[in-house]
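**Q** Contents of my_file-v6.txt (compact mmCIF, C-alpha atoms):
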# COMPACT_ATOMS: atom_id res chain seq x y z
CA MET A 847 -4.76 -20.68 -15.70
CA ALA A 848 -5.49 -18.92 -12.42
CA ALA A 849 -2.26 -20.23 -10.86
CA ALA A 850 -0.28 -19.17 -13.94
CA TYR A 851 -1.83 -15.67 -13.98
CA THR A 852 -1.33 -15.32 -10.21
CA ALA A 853 2.34 -16.16 -10.59
CA GLY A 854 2.59 -13.72 -13.48
CA ALA A 855 0.93 -10.96 -11.47
CA ALA A 856 3.41 -11.56 -8.63
CA ARG A 857 6.26 -11.63 -11.19
CA LEU A 858 7.21 -15.14 -10.06
CA PRO A 859 8.53 -17.75 -12.52
CA PHE A 860 5.81 -20.33 -11.85
CA GLY A 861 2.57 -21.04 -10.03
CA MET A 862 2.01 -24.02 -7.76
CA LEU A 863 -1.00 -26.25 -7.20
CA ARG A 864 -1.87 -29.62 -5.75
CA GLY A 865 -4.50 -30.65 -8.29
CA TYR A 866 -2.19 -32.10 -10.92
CA VAL A 867 0.00 -34.20 -8.60
CA GLY A 868 -0.57 -37.92 -9.13
CA THR A 869 -2.32 -37.48 -12.50
CA ASP A 870 -1.04 -38.35 -15.97
CA LEU A 871 -1.33 -34.70 -17.07
CA PRO A 872 2.47 -34.09 -16.91
CA GLN A 873 2.89 -36.92 -19.46
CA HIS A 874 0.63 -35.01 -21.89
CA ASN A 875 1.68 -31.45 -21.07
CA ALA A 876 5.38 -30.72 -20.63
CA GLN A 877 4.50 -27.38 -19.01
CA VAL A 878 3.23 -29.18 -15.89
CA ARG A 879 6.19 -30.03 -13.66
CA GLN A 880 6.86 -30.76 -10.00
CA VAL A 881 8.86 -29.21 -7.17
CA VAL A 882 9.39 -30.30 -3.60
CA CYS A 883 8.29 -27.79 -1.00
CA PRO A 884 11.32 -26.72 1.08
CA TYR A 885 9.10 -26.39 4.17
CA THR A 886 6.96 -29.52 4.11
CA SER A 887 8.76 -31.80 1.61
CA GLU A 888 5.41 -32.13 -0.18
CA SER A 889 5.52 -32.64 -3.94
CA LEU A 890 3.65 -29.86 -5.74
CA ALA A 891 2.76 -29.35 -9.38
CA THR A 892 3.95 -26.20 -11.14
CA VAL A 893 2.88 -24.30 -14.24
CA PRO A 894 4.87 -21.48 -15.86
CA ALA A 895 3.78 -17.94 -15.09
CA LEU A 896 1.65 -16.19 -17.69
CA ASN A 897 2.44 -12.57 -18.51
CA PRO A 898 0.31 -11.69 -21.54
CA ASP A 899 1.39 -8.81 -23.73
CA VAL A 900 -2.22 -7.59 -23.55
CA THR A 901 -5.20 -8.58 -21.41
CA VAL A 902 -8.69 -7.38 -22.32
CA ILE A 903 -11.44 -7.52 -19.69
CA HIS A 904 -14.97 -6.17 -19.33
CA ALA A 905 -16.12 -4.58 -16.07
CA GLN A 906 -19.15 -2.75 -14.76
CA ARG A 907 -17.78 0.72 -14.07
CA ALA A 908 -14.75 2.98 -14.09
CA ASP A 909 -14.35 6.35 -12.48
CA ARG A 910 -13.01 9.45 -14.20
CA GLN A 911 -9.51 8.73 -12.89
CA GLY A 912 -9.48 5.34 -14.66
CA ASN A 913 -9.94 3.07 -11.62
CA VAL A 914 -12.04 0.03 -12.58
CA LEU A 915 -14.72 -1.78 -10.55
CA ILE A 916 -15.35 -5.50 -11.19
CA GLN A 917 -18.25 -7.33 -9.53
CA GLY A 918 -19.96 -10.70 -9.77
CA ILE A 919 -18.30 -13.95 -10.71
CA VAL A 920 -14.92 -12.57 -11.71
CA GLY A 921 -12.91 -15.71 -12.37
CA ALA A 922 -9.24 -14.83 -12.88
CA GLN A 923 -9.83 -11.35 -14.34
CA LYS A 924 -7.89 -9.58 -11.59
CA GLU A 925 -4.93 -11.95 -11.92
CA ALA A 926 -4.92 -11.74 -15.73
CA ALA A 927 -5.15 -7.94 -15.54
CA LEU A 928 -2.27 -7.60 -13.10
CA ALA A 929 -0.10 -10.13 -14.98
CA ALA A 930 -0.37 -8.29 -18.32
CA LYS A 931 2.09 -5.83 -19.78
CA GLN A 932 -0.85 -3.80 -21.17
CA LEU A 933 -4.46 -3.81 -19.90
CA ILE A 934 -7.46 -2.83 -22.01
CA VAL A 935 -10.73 -2.52 -20.12
CA THR A 936 -14.24 -2.10 -21.48
CA VAL A 937 -16.92 -0.92 -19.06
CA GLU A 938 -20.65 -0.42 -19.01
CA GLU A 939 -20.32 3.16 -17.77
CA ILE A 940 -18.10 5.90 -16.35
CA VAL A 941 -19.10 7.25 -12.94
CA ASP A 942 -17.84 10.04 -10.70
CA THR A 943 -17.11 7.66 -7.78
CA LEU A 944 -16.97 3.87 -7.69
CA ASP A 945 -18.48 3.26 -4.23
CA ALA A 946 -17.19 -0.31 -4.31
CA PRO A 947 -19.36 -2.77 -2.38
CA MET A 948 -17.93 -5.55 -0.23
CA ASN A 949 -16.09 -8.26 -2.21
CA ALA A 950 -15.77 -6.11 -5.31
CA ILE A 951 -12.42 -5.71 -7.03
CA VAL A 952 -11.02 -2.29 -7.85
CA LEU A 953 -8.15 -2.18 -10.32
CA PRO A 954 -6.12 1.01 -9.83
CA HIS A 955 -5.76 3.43 -12.71
CA TRP A 956 -2.01 2.87 -13.00
CA VAL A 957 -2.51 -0.70 -14.29
CA VAL A 958 -5.02 0.36 -16.97
CA THR A 959 -3.57 1.16 -20.40
CA ALA A 960 -6.83 1.91 -22.22
CA LEU A 961 -10.45 2.21 -21.19
CA ALA A 962 -13.50 2.08 -23.47
CA VAL A 963 -17.13 2.64 -22.61
CA VAL A 964 -18.86 -0.31 -24.28
CA PRO A 965 -22.41 -0.85 -23.01
CA GLY A 966 -23.23 -4.52 -23.50
CA GLY A 967 -19.55 -5.36 -23.94
CA ALA A 968 -19.82 -8.63 -22.01
CA TYR A 969 -22.60 -9.92 -24.28
CA PRO A 970 -23.58 -12.74 -24.68
CA SER A 971 -22.22 -13.23 -21.19
CA TYR A 972 -23.60 -11.13 -18.36
CA ALA A 973 -22.55 -7.97 -16.56
CA HIS A 974 -23.57 -8.30 -12.92
CA GLY A 975 -26.17 -5.66 -12.14
CA TYR A 976 -26.64 -4.65 -15.81
CA TYR A 977 -27.98 -7.56 -17.87
CA PRO A 978 -28.24 -11.36 -17.72
CA ARG A 979 -26.41 -13.99 -19.73
CA ASP A 980 -28.09 -14.78 -23.06
CA ASN A 981 -28.31 -18.56 -22.75
CA ALA A 982 -30.23 -18.88 -26.03
CA PHE A 983 -27.34 -17.22 -27.87
CA TYR A 984 -24.86 -19.66 -26.29
CA GLN A 985 -27.05 -22.55 -27.45
CA ARG A 986 -27.01 -21.16 -31.02
CA TRP A 987 -23.28 -20.39 -30.98
CA ASP A 988 -22.06 -23.77 -32.22
CA HIS A 989 -24.18 -23.44 -35.38
CA ILE A 990 -23.25 -19.77 -35.84
CA ALA A 991 -19.51 -20.39 -35.46
CA ARG A 992 -19.49 -23.32 -37.91
CA ASP A 993 -21.07 -21.35 -40.77
CA ARG A 994 -19.05 -18.37 -42.01
CA ALA A 995 -22.04 -16.71 -43.69
CA THR A 996 -24.10 -16.94 -40.50
CA PHE A 997 -21.18 -15.63 -38.46
CA ARG A 998 -20.72 -12.67 -40.80
CA ARG A 999 -24.40 -11.75 -40.46
CA LEU A 1000 -23.83 -11.05 -36.77
CA ASP A 1001 -23.82 -7.30 -36.93
CA ARG A 1002 -25.24 -4.50 -34.85
CA THR A 1003 -28.75 -5.07 -36.16
CA THR A 1004 -28.88 -8.68 -34.92
CA ARG A 1005 -27.54 -7.94 -31.43
CA PRO A 1006 -29.60 -6.69 -28.50
CA ALA A 1007 -29.92 -2.91 -28.17
CA HIS A 1008 -27.64 -2.74 -25.12
CA VAL A 1009 -24.79 -4.13 -27.26
CA ARG A 1010 -25.14 -1.71 -30.20
CA SER A 1011 -24.02 1.57 -28.60
CA ARG A 1012 -20.27 2.30 -28.65
CA ARG A 1013 -18.44 5.25 -27.14
CA ILE A 1014 -14.65 5.12 -26.80
CA HIS A 1015 -12.43 6.77 -24.18
CA ALA A 1016 -8.79 6.14 -23.28
CA THR A 1017 -6.38 6.47 -20.41
CA ASP A 1018 -2.85 7.68 -20.87
CA ARG A 1019 -0.57 5.61 -18.65
CA SER A 1020 2.04 8.40 -18.50
CA ARG A 1021 -0.55 10.75 -16.98
CA THR A 1022 -2.62 8.03 -15.25
CA ARG A 1023 -5.77 10.12 -15.63
CA PHE A 1024 -9.00 9.32 -17.43
CA THR A 1025 -9.26 11.46 -20.57
CA GLY A 1026 -12.90 11.26 -21.49
Could you take the file, read its structure, and then write that structure out as structure tokens?

**A**
Amino acid sequence: MAAAYTAGAARLPFGMLRGYVGTDLPQHNAQVRQVVCPYTSESLATVPALNPDVTVIHAQRADRQGNVLIQGIVGAQKEAALAAKQLIVTVEEIVDTLDAPMNAIVLPHWVVTALAVVPGGAYPSYAHGYYPRDNAFYQRWDHIARDRATFRRLDRTTRPAHVRSRRIHATDRSRTRFTG
């Protein structure tokens, strides 16, 4: 997925990786193909670029201009965000300045379509510097997801307090300014 999102973010037709070469994965997934590198003659696996219509991510903070700070184990959030046609971001809080620490990612306001302040929005996962992952919830999830009645009972009263509060803001891409 990371290679596909990276290719999408770069507006390339495909991503390349070595990991699938020599496996039987191409026999089971027609999307995995091979090319020969024009520089080294090495055979490389390819996957088609991913350009989602919409990507939704959760981050720690955004500033009043709509720039977004992501910290912690970020996976392919940056690549998925930059590959998307529209980007919706939920954040723990809005701040005056981001003061991004080393190794943090800052997404510029012009890639953000909409921004919502959603404290606890990563729950049951974690938000680095805000709250830990709820491992007990993950252990219960299989049971919860298999029973529709149990799933429907998951409402604001059964979630931790930091997940219950909701305040919505938006960015207007044509003005590229935070409007909240």

**Q** Near Lys924 (chain A), within 9 Å and counting only C-alpha atoms, which residues show up once chain neighbours fewer than 5 positions away are dropped, as a list in words?

**A**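 The neighbour list is Tyr851, Thr852, Ala855, Ile916, Ala929, Ile951, Val952 and Leu953 of chain A.
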
**Q** Using only the atoms of region 886-894 of chain A listed in the file, plus 4 Å on each side, state the axis-aligned box centre and edge lengths in Å rounded to one decimal, as lines of an AutoDock Vina configuration file.

**A**
center_x = 5.8
center_y = -27.1
center_z = -5.9
size_x = 14.0
size_y = 19.2
size_z = 28.0

**Q** Point out the residue among A:Thr996, A:Pro947, A:Gln906, A:His989 with the least atom-to-atom distance to Gly966 (chain A), counting all atoms listed in the file.

**A**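 Result for the nearest residue to Gly966 (chain A): A:Gln906.
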
**Q** Near region 873-886 of chain A, within 12 Å and counting all atoms listed in the file, which residues show up once chain neighbours fewer than 4 positions away are dropped, as an NGL selection string?

**A** :A and (847 or 849-850 or 860-869 or 890-896)

**Q** When you draw a straight line from CA of Val920 (chain A) to CA of Ala960 (chain A), how long is it in Å?

**A**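 Distance reported for this atom pair: 19.6 Å.
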
**Q** Using all atoms listed in the file, which of the listed residues (A:Gln923, A:Ser887, A:Asn981, A:Asn897) sits closest to Pro859 (chain A)?

**A**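 Of all the options, A:Asn897 lies closest to Pro859 (chain A).
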
**Q** Select, from A:Gly854, A:Gly918, A:Pro978, A:Gly967, the residue with the minimum atom-to-atom distance to Met948 (chain A), counting all atoms listed in the file.

**A**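 When distances to Met948 (chain A) are compared using all atoms listed in the file, the smallest one comes from A:Gly918.
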
**Q** Could you state the separation of CA of Gly975 (chain A) and CA of Leu1000 (chain A) in Å, given to one decimal place?

**A** 25.3 Å

**Q** My list of candidates is A:Val914, A:Ala848, A:Val902, A:Leu944. Which is closest to Ala930 (chain A) when distances are computed with only C-alpha atoms?

**A** A:Val902

**Q** Hey, can you pull every residue with an atom no more than 8 Å from (-22.8, -14.2, -36.2), using all atoms listed in the file, and send it as a list in words?

**A**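 The requested residues, written out, are Ile990, Ala991, Ala995, Thr996, Phe997, Arg998, Arg999, Leu1000 and Asp1001 of chain A.
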
**Q** Hey, can you check how far CA of Pro954 (chain A) sits from CA of Leu915 (chain A)?

**A**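 According to the coordinates, CA of Pro954 (chain A) and CA of Leu915 (chain A) are separated by 9.1 Å.
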
**Q** Using only C-alpha atoms, can you tell me which of A:Gly912, A:Glu938, A:Pro898, A:Ala922 comes closest to Val964 (chain A)?

**A**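 Among the listed residues, A:Glu938 lies closest to Val964 (chain A).
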
**Q** Which polymer residues have any atom within 7 Å of an atom of Thr901 (chain A), counting all atoms listed in the file, with same-chain residues fewer than 6 positions away left out, as a list in words?

**A**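 Using all atoms listed in the file, the neighbours found are Ala926, Ala927, Ala930, Gln932, Leu933 and Ile934 of chain A.
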
**Q** Could you check the closest approach to Ala973 (chain A) for each of A:Thr959, A:Asn913, A:Thr936, A:Gln985 and tell me which residue wins, using only C-alpha atoms?

**A**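 Closest to Ala973 (chain A), using only C-alpha atoms: A:Thr936.
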